file final_1.txt (compact mmCIF, C-alpha atoms)
# COMPACT_ATOMS: atom_id res chain seq x y z
CA MET A 5 102.72 107.69 169.06
CA ASN A 6 105.71 107.55 166.71
CA ALA A 7 105.59 110.74 164.62
CA CYS A 8 106.95 108.83 161.68
CA LEU A 9 103.66 106.95 161.41
CA ASN A 10 101.90 110.20 160.55
CA ALA A 11 104.55 111.46 158.13
CA VAL A 12 103.50 112.07 154.54
CA ILE A 13 105.33 109.67 152.27
CA PRO A 14 106.21 111.40 148.99
CA ALA A 15 105.31 109.76 145.73
CA ALA A 16 108.16 107.93 144.03
CA VAL A 17 110.15 110.29 141.86
CA ALA A 18 112.57 109.15 139.19
CA PRO A 19 116.10 110.15 140.18
CA ALA A 20 117.72 112.92 138.17
CA PHE A 21 119.84 111.68 135.27
CA ASP A 22 123.47 112.52 136.10
CA VAL A 23 124.69 113.27 132.59
CA GLU A 24 128.09 114.54 133.75
CA ARG A 25 128.80 111.28 135.53
CA VAL A 26 127.75 109.37 132.42
CA ARG A 27 129.92 111.55 130.17
CA ALA A 28 132.95 110.64 132.25
CA ASP A 29 132.61 107.08 130.91
CA PHE A 30 133.16 108.21 127.30
CA PRO A 31 136.77 109.15 126.53
CA ILE A 32 135.99 110.57 123.10
CA LEU A 33 133.62 113.18 124.52
CA HIS A 34 136.61 114.95 126.08
CA ILE A 35 138.61 115.54 122.91
CA GLU A 36 138.77 118.71 120.84
CA VAL A 37 137.86 119.16 117.18
CA GLU A 38 139.15 122.21 115.33
CA GLY A 39 140.42 123.47 118.68
CA LYS A 40 136.94 123.35 120.21
CA PRO A 41 135.38 120.83 122.63
CA LEU A 42 133.65 118.07 120.70
CA VAL A 43 129.85 118.34 120.61
CA TYR A 44 128.84 115.00 119.15
CA LEU A 45 125.33 115.11 117.68
CA ASP A 46 125.56 112.38 115.04
CA ASN A 47 124.31 109.54 117.20
CA ALA A 48 121.74 108.31 114.69
CA ALA A 49 124.67 107.37 112.45
CA SER A 50 126.89 105.88 115.18
CA SER A 51 126.96 106.32 118.93
CA GLN A 52 130.13 106.52 120.99
CA MET A 53 131.59 103.75 123.14
CA PRO A 54 131.96 103.88 126.94
CA GLN A 55 135.11 102.77 128.72
CA PRO A 56 133.60 99.54 130.14
CA VAL A 57 132.91 98.33 126.59
CA ILE A 58 136.40 99.32 125.46
CA ASP A 59 137.86 97.48 128.46
CA ARG A 60 135.85 94.34 127.66
CA LEU A 61 137.09 94.33 124.08
CA VAL A 62 140.68 94.76 125.22
CA ARG A 63 140.32 91.96 127.79
CA TYR A 64 138.96 89.59 125.17
CA GLN A 65 141.68 90.41 122.66
CA SER A 66 144.39 90.28 125.33
CA THR A 67 143.46 87.15 127.28
CA GLU A 68 140.63 85.19 125.64
CA HIS A 69 140.93 85.36 121.86
CA ALA A 70 140.44 82.16 119.89
CA ASN A 71 138.01 80.77 117.35
CA ILE A 72 134.78 79.37 118.74
CA HIS A 73 132.70 76.18 118.59
CA ARG A 74 135.55 74.21 117.02
CA ALA A 75 138.10 73.23 119.64
CA VAL A 76 138.44 71.83 123.14
CA HIS A 77 141.39 73.94 124.27
CA THR A 78 140.94 76.48 127.05
CA LEU A 79 140.99 79.68 125.01
CA SER A 80 138.41 78.38 122.55
CA GLU A 81 136.16 77.29 125.37
CA ARG A 82 136.46 80.71 127.03
CA ALA A 83 135.78 82.56 123.78
CA THR A 84 132.81 80.32 123.00
CA ALA A 85 131.35 80.87 126.45
CA ALA A 86 131.74 84.66 126.18
CA TYR A 87 130.22 84.72 122.70
CA GLU A 88 127.19 82.67 123.72
CA GLU A 89 126.83 84.67 126.93
CA ALA A 90 126.57 87.78 124.75
CA ARG A 91 123.73 86.13 122.85
CA VAL A 92 121.86 85.58 126.11
CA LYS A 93 122.45 89.21 127.11
CA LEU A 94 120.89 90.35 123.84
CA GLN A 95 117.99 87.96 124.35
CA ARG A 96 117.28 89.56 127.71
CA PHE A 97 117.78 93.09 126.37
CA ILE A 98 114.92 92.69 123.87
CA ASN A 99 113.00 90.12 125.95
CA ALA A 100 113.16 87.43 123.29
CA PRO A 101 111.62 84.13 124.42
CA ASP A 102 114.67 82.04 123.49
CA ALA A 103 118.37 82.73 122.87
CA ARG A 104 118.08 80.57 119.72
CA GLU A 105 116.02 83.40 118.22
CA VAL A 106 118.95 85.85 118.44
CA ILE A 107 121.13 85.73 115.33
CA PHE A 108 124.34 87.73 115.17
CA THR A 109 124.77 89.63 111.90
CA SER A 110 127.07 92.40 110.71
CA GLY A 111 124.34 94.96 111.39
CA THR A 112 120.78 95.95 110.58
CA THR A 113 121.45 95.91 106.84
CA GLU A 114 122.62 92.31 106.83
CA ALA A 115 119.79 91.33 109.17
CA ILE A 116 117.18 92.67 106.75
CA ASN A 117 118.96 91.07 103.82
CA LEU A 118 118.96 87.79 105.73
CA VAL A 119 115.17 87.97 105.99
CA MET A 120 114.87 88.89 102.33
CA HIS A 121 116.99 85.94 101.19
CA GLY A 122 115.94 83.42 103.82
CA TYR A 123 112.23 84.21 104.01
CA GLY A 124 111.44 86.36 100.99
CA ARG A 125 113.07 84.25 98.30
CA LYS A 126 111.45 81.12 99.70
CA PHE A 127 107.92 82.34 100.35
CA ILE A 128 107.29 85.45 98.18
CA LYS A 129 106.43 84.79 94.56
CA ALA A 130 105.28 86.67 91.44
CA GLY A 131 102.26 88.85 92.15
CA ASP A 132 102.72 88.70 95.93
CA GLU A 133 102.86 92.03 97.72
CA ILE A 134 105.15 93.64 100.31
CA ILE A 135 104.06 96.68 102.30
CA LEU A 136 106.71 99.26 103.19
CA THR A 137 106.46 102.87 104.37
CA THR A 138 107.77 106.16 103.05
CA LEU A 139 109.85 106.51 106.23
CA GLU A 140 112.07 103.51 105.52
CA HIS A 141 115.85 103.64 105.43
CA HIS A 142 117.29 102.40 102.14
CA SER A 143 118.28 99.19 103.96
CA ASN A 144 114.60 98.33 104.25
CA ILE A 145 113.76 99.33 100.69
CA VAL A 146 116.52 98.15 98.36
CA PRO A 147 116.54 94.45 99.41
CA TRP A 148 112.80 94.22 98.77
CA GLN A 149 113.19 95.95 95.42
CA MET A 150 115.84 93.37 94.52
CA LEU A 151 113.42 90.61 95.48
CA ALA A 152 110.60 92.23 93.51
CA GLU A 153 112.80 92.47 90.41
CA GLU A 154 113.80 88.83 90.78
CA THR A 155 110.38 87.37 91.51
CA GLY A 156 107.81 89.78 90.10
CA ALA A 157 106.52 90.69 93.54
CA ILE A 158 104.92 94.10 94.09
CA ILE A 159 105.84 96.76 96.65
CA ARG A 160 103.11 98.95 98.11
CA VAL A 161 103.97 102.03 100.16
CA LEU A 162 102.23 103.60 103.15
CA PRO A 163 102.50 107.42 102.88
CA ILE A 164 103.29 109.96 105.60
CA SER A 165 101.70 113.24 106.65
CA ASP A 166 103.23 116.72 106.62
CA ALA A 167 104.30 116.09 110.22
CA GLY A 168 106.22 112.97 109.22
CA GLU A 169 103.72 110.55 110.75
CA LEU A 170 102.48 107.42 109.02
CA CYS A 171 99.00 107.80 107.53
CA LEU A 172 97.71 104.89 109.57
CA ASP A 173 94.18 105.22 108.17
CA GLN A 174 95.62 104.13 104.82
CA PHE A 175 97.42 101.06 106.22
CA GLU A 176 94.56 98.55 106.31
CA PRO A 177 93.42 99.23 102.71
CA LEU A 178 96.90 98.21 101.47
CA PHE A 179 96.29 94.58 102.47
CA ASN A 180 94.82 91.93 100.24
CA ALA A 181 95.08 88.18 99.75
CA ARG A 182 98.50 88.54 98.10
CA THR A 183 100.13 90.51 100.95
CA LYS A 184 103.04 88.44 102.26
CA LEU A 185 105.14 90.79 104.43
CA VAL A 186 105.17 94.20 106.12
CA GLY A 187 108.47 96.04 106.66
CA VAL A 188 108.42 99.08 108.95
CA SER A 189 110.96 101.12 110.89
CA HIS A 190 110.31 101.44 114.62
CA VAL A 191 111.86 104.94 114.58
CA SER A 192 112.64 107.00 111.48
CA ASN A 193 116.35 107.69 111.15
CA ALA A 194 115.70 110.84 109.11
CA LEU A 195 112.93 112.42 111.19
CA GLY A 196 112.84 110.66 114.54
CA SER A 197 109.15 109.74 114.17
CA ILE A 198 108.23 106.84 116.46
CA ASN A 199 105.88 104.61 114.51
CA PRO A 200 102.90 102.76 116.06
CA VAL A 201 104.47 99.40 115.27
CA ARG A 202 102.60 97.44 117.93
CA GLN A 203 99.28 98.51 116.42
CA MET A 204 100.51 97.82 112.90
CA ILE A 205 101.76 94.36 113.85
CA ALA A 206 98.42 93.47 115.41
CA LEU A 207 96.55 94.57 112.29
CA ALA A 208 98.90 92.60 110.02
CA HIS A 209 98.62 89.49 112.17
CA GLU A 210 94.83 89.63 111.94
CA ARG A 211 95.43 88.96 108.25
CA GLY A 212 98.14 86.34 108.78
CA VAL A 213 100.93 88.63 107.52
CA PRO A 214 104.35 88.61 109.24
CA VAL A 215 106.08 91.88 110.13
CA LEU A 216 109.75 92.84 110.01
CA VAL A 217 110.67 95.81 112.21
CA ASP A 218 113.82 97.84 111.52
CA GLY A 219 114.82 98.72 115.07
CA ALA A 220 118.17 100.35 114.34
CA GLN A 221 117.03 103.72 115.70
CA ALA A 222 114.79 102.36 118.45
CA ALA A 223 116.95 99.85 120.30
CA PRO A 224 119.45 102.50 121.51
CA HIS A 225 116.75 104.83 122.82
CA LEU A 226 113.64 102.88 123.86
CA ALA A 227 112.95 99.78 125.92
CA VAL A 228 112.27 97.11 123.28
CA ASP A 229 110.17 94.07 124.14
CA VAL A 230 109.73 91.84 121.11
CA GLN A 231 107.19 89.67 122.92
CA ASP A 232 105.02 92.67 123.72
CA LEU A 233 105.32 93.94 120.15
CA ASP A 234 104.72 90.41 118.84
CA CYS A 235 106.90 91.21 115.81
CA ASP A 236 108.08 88.34 113.65
CA PHE A 237 111.51 89.85 112.96
CA TYR A 238 113.39 92.70 114.66
CA ALA A 239 116.74 94.03 113.41
CA PHE A 240 119.25 96.41 114.99
CA SER A 241 122.95 97.37 114.97
CA GLY A 242 125.64 97.42 117.63
CA HIS A 243 127.38 100.61 116.54
CA LYS A 244 124.28 102.70 117.28
CA LEU A 245 124.02 101.00 120.68
CA CYS A 246 127.37 102.05 122.21
CA GLY A 247 128.91 98.87 120.82
CA PRO A 248 131.40 98.01 118.07
CA THR A 249 130.87 98.28 114.34
CA GLY A 250 130.41 95.13 112.29
CA ILE A 251 127.91 93.51 114.65
CA GLY A 252 124.12 93.48 114.77
CA VAL A 253 121.20 91.29 115.69
CA LEU A 254 118.27 89.74 113.92
CA TYR A 255 115.57 88.48 116.23
CA GLY A 256 113.17 86.10 114.57
CA LYS A 257 110.42 83.86 115.86
CA ALA A 258 111.82 80.34 116.03
CA ALA A 259 109.00 78.84 113.98
CA LEU A 260 109.82 81.18 111.09
CA LEU A 261 113.59 80.86 111.37
CA GLU A 262 113.36 77.09 111.23
CA LYS A 263 111.43 77.28 107.93
CA MET A 264 113.84 79.74 106.32
CA GLN A 265 116.72 78.87 104.04
CA PRO A 266 120.25 79.94 105.03
CA PHE A 267 121.55 83.23 103.68
CA LYS A 268 125.21 82.14 103.51
CA GLY A 269 126.88 78.74 103.31
CA GLY A 270 130.11 77.61 104.92
CA GLY A 271 131.57 76.42 108.18
CA ASP A 272 129.59 76.16 111.42
CA MET A 273 126.20 76.45 109.71
CA ILE A 274 126.17 72.74 108.92
CA LEU A 275 125.67 69.45 110.74
CA SER A 276 127.14 67.32 107.96
CA VAL A 277 128.50 67.83 104.45
CA SER A 278 128.99 65.42 101.59
CA PHE A 279 129.06 65.99 97.87
CA GLU A 280 125.65 64.38 97.76
CA LYS A 281 123.93 66.40 100.49
CA THR A 282 124.46 69.03 103.20
CA VAL A 283 122.44 68.98 106.40
CA TYR A 284 122.11 72.45 107.92
CA ASN A 285 122.73 73.24 111.57
CA THR A 286 119.98 74.24 113.98
CA ILE A 287 119.09 77.88 114.68
CA PRO A 288 120.74 80.27 115.29
CA TYR A 289 123.87 78.67 113.85
CA LYS A 290 122.19 77.92 110.52
CA PHE A 291 122.47 81.65 109.81
CA GLU A 292 125.98 82.27 111.19
CA ALA A 293 128.31 80.84 108.55
CA GLY A 294 132.07 81.07 109.02
CA THR A 295 134.00 82.70 111.82
CA PRO A 296 131.67 85.28 113.34
CA PRO A 297 132.62 88.72 114.69
CA ILE A 298 133.48 87.24 118.09
CA ALA A 299 135.05 90.29 119.70
CA ALA A 300 132.29 92.55 118.39
CA ALA A 301 129.56 90.28 119.75
CA ILE A 302 131.21 90.21 123.18
CA GLY A 303 131.57 94.00 123.03
CA LEU A 304 127.90 94.36 122.15
CA GLY A 305 127.05 92.21 125.14
CA ALA A 306 129.04 94.60 127.33
CA ALA A 307 127.26 97.56 125.72
CA VAL A 308 123.79 96.28 126.58
CA ASP A 309 125.03 95.58 130.11
CA TYR A 310 126.03 99.22 130.35
CA LEU A 311 122.76 100.54 128.94
CA SER A 312 120.69 98.21 131.10
CA ALA A 313 122.50 99.42 134.21
CA LEU A 314 121.57 103.01 133.32
CA GLY A 315 118.01 101.94 132.54
CA MET A 316 116.37 102.36 129.16
CA ASP A 317 113.48 104.28 130.70
CA ALA A 318 115.91 106.75 132.30
CA ILE A 319 117.72 107.10 128.98
CA ALA A 320 114.44 107.80 127.17
CA ARG A 321 113.41 110.45 129.71
CA HIS A 322 116.70 112.32 129.44
CA GLU A 323 116.69 112.21 125.65
CA HIS A 324 113.08 113.42 125.56
CA ALA A 325 114.06 116.38 127.75
CA LEU A 326 116.89 117.17 125.32
CA LEU A 327 114.47 116.95 122.40
CA GLN A 328 111.94 119.29 123.99
CA TYR A 329 114.58 121.83 124.94
CA ALA A 330 116.26 121.75 121.52
CA THR A 331 112.94 121.89 119.62
CA GLY A 332 111.88 125.01 121.50
CA LEU A 333 115.17 126.79 120.78
CA LEU A 334 115.35 125.80 117.12
CA ASN A 335 111.76 126.84 116.50
CA ASP A 336 112.74 130.36 117.58
CA LEU A 337 115.54 130.65 115.01
CA PRO A 338 114.58 132.72 111.95
CA GLY A 339 114.75 130.91 108.62
CA LEU A 340 114.98 127.46 110.22
CA ARG A 341 112.44 124.83 109.20
CA LEU A 342 112.12 121.62 111.15
CA ILE A 343 111.45 118.64 108.87
CA GLY A 344 109.42 116.09 110.80
CA THR A 345 107.25 117.29 113.65
CA ALA A 346 105.57 114.06 114.72
CA GLN A 347 103.87 114.14 118.08
CA ASP A 348 105.74 111.00 119.15
CA LYS A 349 109.42 111.46 118.39
CA ALA A 350 112.85 110.22 119.33
CA ALA A 351 115.62 112.77 119.91
CA VAL A 352 116.29 113.58 116.24
CA LEU A 353 115.98 117.05 114.73
CA SER A 354 116.26 117.43 110.96
CA PHE A 355 116.14 120.96 109.62
CA THR A 356 116.88 123.29 106.74
CA LEU A 357 118.09 126.89 106.80
CA ASP A 358 116.74 129.27 104.18
CA GLY A 359 119.28 129.89 101.44
CA ILE A 360 122.02 127.72 102.99
CA HIS A 361 122.87 124.23 101.78
CA PRO A 362 122.96 121.60 104.56
CA HIS A 363 126.51 120.63 103.62
CA ASP A 364 127.62 124.22 104.27
CA VAL A 365 125.80 124.13 107.60
CA GLY A 366 127.58 120.94 108.60
CA THR A 367 130.98 122.21 107.49
CA LEU A 368 130.68 125.46 109.45
CA LEU A 369 129.31 123.71 112.55
CA ASN A 370 132.30 121.38 112.43
CA GLN A 371 134.58 124.41 112.75
CA ASP A 372 132.93 124.95 116.14
CA GLY A 373 133.52 121.31 117.08
CA ILE A 374 129.88 120.35 116.46
CA ALA A 375 129.34 117.04 114.65
CA VAL A 376 126.01 116.72 112.82
CA ARG A 377 124.94 114.72 109.77
CA THR A 378 124.02 116.32 106.45
CA GLY A 379 122.52 114.76 103.34
CA HIS A 380 119.57 112.52 102.57
CA HIS A 381 120.37 110.13 105.47
CA CYS A 382 119.78 107.06 103.28
CA ALA A 383 116.11 108.05 103.22
CA GLN A 384 115.65 109.67 99.83
CA PRO A 385 111.88 108.97 99.66
CA VAL A 386 111.51 111.07 102.82
CA MET A 387 113.44 113.94 101.22
CA THR A 388 111.29 113.67 98.10
CA ARG A 389 108.13 113.78 100.25
CA PHE A 390 109.23 117.07 101.83
CA LYS A 391 110.64 118.48 98.56
CA VAL A 392 114.15 118.99 99.92
CA PRO A 393 117.37 117.48 98.58
CA ALA A 394 118.88 117.11 102.04
CA THR A 395 118.66 118.21 105.65
CA THR A 396 120.98 118.89 108.55
CA ARG A 397 120.33 116.32 111.27
CA ALA A 398 121.21 116.68 114.93
CA SER A 399 120.62 113.41 116.77
CA PHE A 400 121.02 113.14 120.52
CA ALA A 401 122.06 110.38 122.89
CA PHE A 402 121.80 110.01 126.65
CA TYR A 403 125.33 111.41 127.13
CA ASN A 404 124.45 114.71 125.48
CA SER A 405 123.79 117.71 127.69
CA MET A 406 121.64 120.82 127.62
CA ALA A 407 124.85 122.83 127.26
CA GLU A 408 125.52 121.01 124.00
CA VAL A 409 122.07 121.98 122.76
CA ASP A 410 123.00 125.59 123.54
CA ALA A 411 126.24 125.12 121.60
CA LEU A 412 124.29 123.81 118.60
CA VAL A 413 121.96 126.82 118.65
CA ALA A 414 124.89 129.22 118.94
CA GLY A 415 126.59 127.43 116.07
CA ILE A 416 123.53 127.77 113.84
CA ARG A 417 123.38 131.48 114.63
CA SER A 418 127.02 131.78 113.57
CA VAL A 419 126.27 129.96 110.32
CA ARG A 420 123.50 132.43 109.55
CA GLN A 421 125.87 135.34 110.20
CA VAL A 422 128.36 133.95 107.69
CA PHE A 423 125.65 133.94 105.00
CA ALA A 424 123.99 137.20 106.07
call {"tool": "encode", "arguments": {"input": "final_1.txt", "output": "structure tokens"}}
result
Amino acid sequence: MNACLNAVIPAAVAPAFDVERVRADFPILHIEVEGKPLVYLDNAASSQMPQPVIDRLVRYQSTEHANIHRAVHTLSERATAAYEEARVKLQRFINAPDAREVIFTSGTTEAINLVMHGYGRKFIKAGDEIILTTLEHHSNIVPWQMLAEETGAIIRVLPISDAGELCLDQFEPLFNARTKLVGVSHVSNALGSINPVRQMIALAHERGVPVLVDGAQAAPHLAVDVQDLDCDFYAFSGHKLCGPTGIGVLYGKAALLEKMQPFKGGGDMILSVSFEKTVYNTIPYKFEAGTPPIAAAIGLGAAVDYLSALGMDAIARHEHALLQYATGLLNDLPGLRLIGTAQDKAAVLSFTLDGIHPHDVGTLLNQDGIAVRTGHHCAQPVMTRFKVPATTRASFAFYNSMAEVDALVAGIRSVRQVFA
């Protein structure tokens, strides 16, 4: 008998994440800052760009650049094809049912504002209510406050616990017959808390209420499936996703997008114009007035190609390992308080050091080549909830290493010595 027939077949094991190979794709990770190797831990603000994305941008600018949708010459046709191909790549990346539901914007902020103007101003009236959460970034607070001031709508807020988790038991009581929209972040930019958005969406839909998800901090780190979530809108940015700045995506269900009014008027968002009447274009073009960020959209398409090749599940596993390792080390540092200890977290660590202002922490870490973010992180209600003016935030990406976590911890120890 063939001995191989009796061999024990091992269970499938996920291959080890080769972070050093990945780091080789990022030129900026090999520079020095203040004479020290760069340790880039500000990924929640903007991630870095791999060489394949840089190369795609250069190729477009060098050999394909032209305006799109408006000419029959070769360069325009090539640019149009590349731009629309990028839309399809984004559709697949988030598993949207239809490429028409993918609208290119300048980023998450514009995407949310598009929903506020296009949906909110049309369908939300005086006395209607919008549910937000304490964890929201200012980009998912201020537009709704502007709408409330304009229309007389009311904003209701879901609180968070001491761990930085949404008080989900208080979510359902916020609804009533006047509730018209829920806005919730998938992942908190300030704390890293991963919110139970799928559960929240289901509860809202039982009451006929649409849900907008701010996915700026989720799309770079988690596999996002908008059909599984069943969200009505999902917004995210390219520059947090290893892509260019000035580009983002709003996913919206086609039935809602078709009912919405355009956010901006101009070229390409029309079918016909006269001084008597303008007929708007079909989706997604109805919401993409003027010359779009063509190069940035193509670059974002290349970025999601790169991330998809690595695998979002593999990325999430590596970042979770970084988070666990860093959390254990930081918890052992005297005088350090972690702000946000949710059980389900992305790789974000916000902290304070007793007697040391976060800006001083960030400045001294920079002298060791370590880039972190300090301040309120455009999440002042979160800071108010924890009674701190600001935090230091270290946010990790898949190209960060355990050695960089060690460098962060050593840097914090040095900061404490300066103030000892």
call {"tool": "closest_residue", "arguments": {"input": "final_1.txt", "among": "A:Leu45, A:Phe390, A:Pro248, A:Asp132", "to": "A:Val308", "atoms": "only C-alpha atoms"}}
result
A:Pro248
call {"tool": "residues_near_point", "arguments": {"input": "final_1.txt", "point": "(122.8, 119.4, 104.0)", "cutoff": "8 Å", "atoms": "only C-alpha atoms", "output": "ChimeraX atom specification"}}
result
/A:356,361-366,377-380,393-396
call {"tool": "closest_residue", "arguments": {"input": "final_1.txt", "among": "A:Gly39, A:Gly270, A:Gly247, A:Gly344", "to": "A:Arg60", "atoms": "only C-alpha atoms"}}
result
A:Gly247
call {"tool": "residues_around", "arguments": {"input": "final_1.txt", "residues": "A:Ile416", "least_positions_apart": "2", "cutoff": "12 Å", "atoms": "all atoms listed in the file", "output": "ChimeraX atom specification"}}
result
/A:333-334,336-340,355-358,360,362,364-372,374,376,396,398,409-414,418-423
call {"tool": "residues_around", "arguments": {"input": "final_1.txt", "residues": "A:Ala208", "least_positions_apart": "3", "cutoff": "9 Å", "atoms": "only C-alpha atoms", "output": "VMD selection string"}}
result
chain A and resid 176 179 185 to 186 203 to 205 211 to 215
call {"tool": "closest_residue", "arguments": {"input": "final_1.txt", "among": "A:Val161, A:Lys126, A:Asp29, A:Thr84", "to": "A:Lys263", "atoms": "all atoms listed in the file"}}
result
A:Lys126
call {"tool": "atom_distance", "arguments": {"input": "final_1.txt", "atom1": "atom CA of A:Ser278", "atom2": "atom CA of A:Gly124"}}
result
27.3 Å
call {"tool": "closest_residue", "arguments": {"input": "final_1.txt", "among": "A:Leu261, A:Cys382, A:Ala48, A:Ile319", "to": "A:Asp22", "atoms": "all atoms listed in the file"}}
result
A:Ile319
call {"tool": "atom_distance", "arguments": {"input": "final_1.txt", "atom1": "atom CA of A:Glu38", "atom2": "atom CA of A:Val23"}}
result
24.2 Å
call {"tool": "atom_distance", "arguments": {"input": "final_1.txt", "atom1": "atom CA of A:Leu260", "atom2": "atom CA of A:Phe237"}}
result
9.0 Å
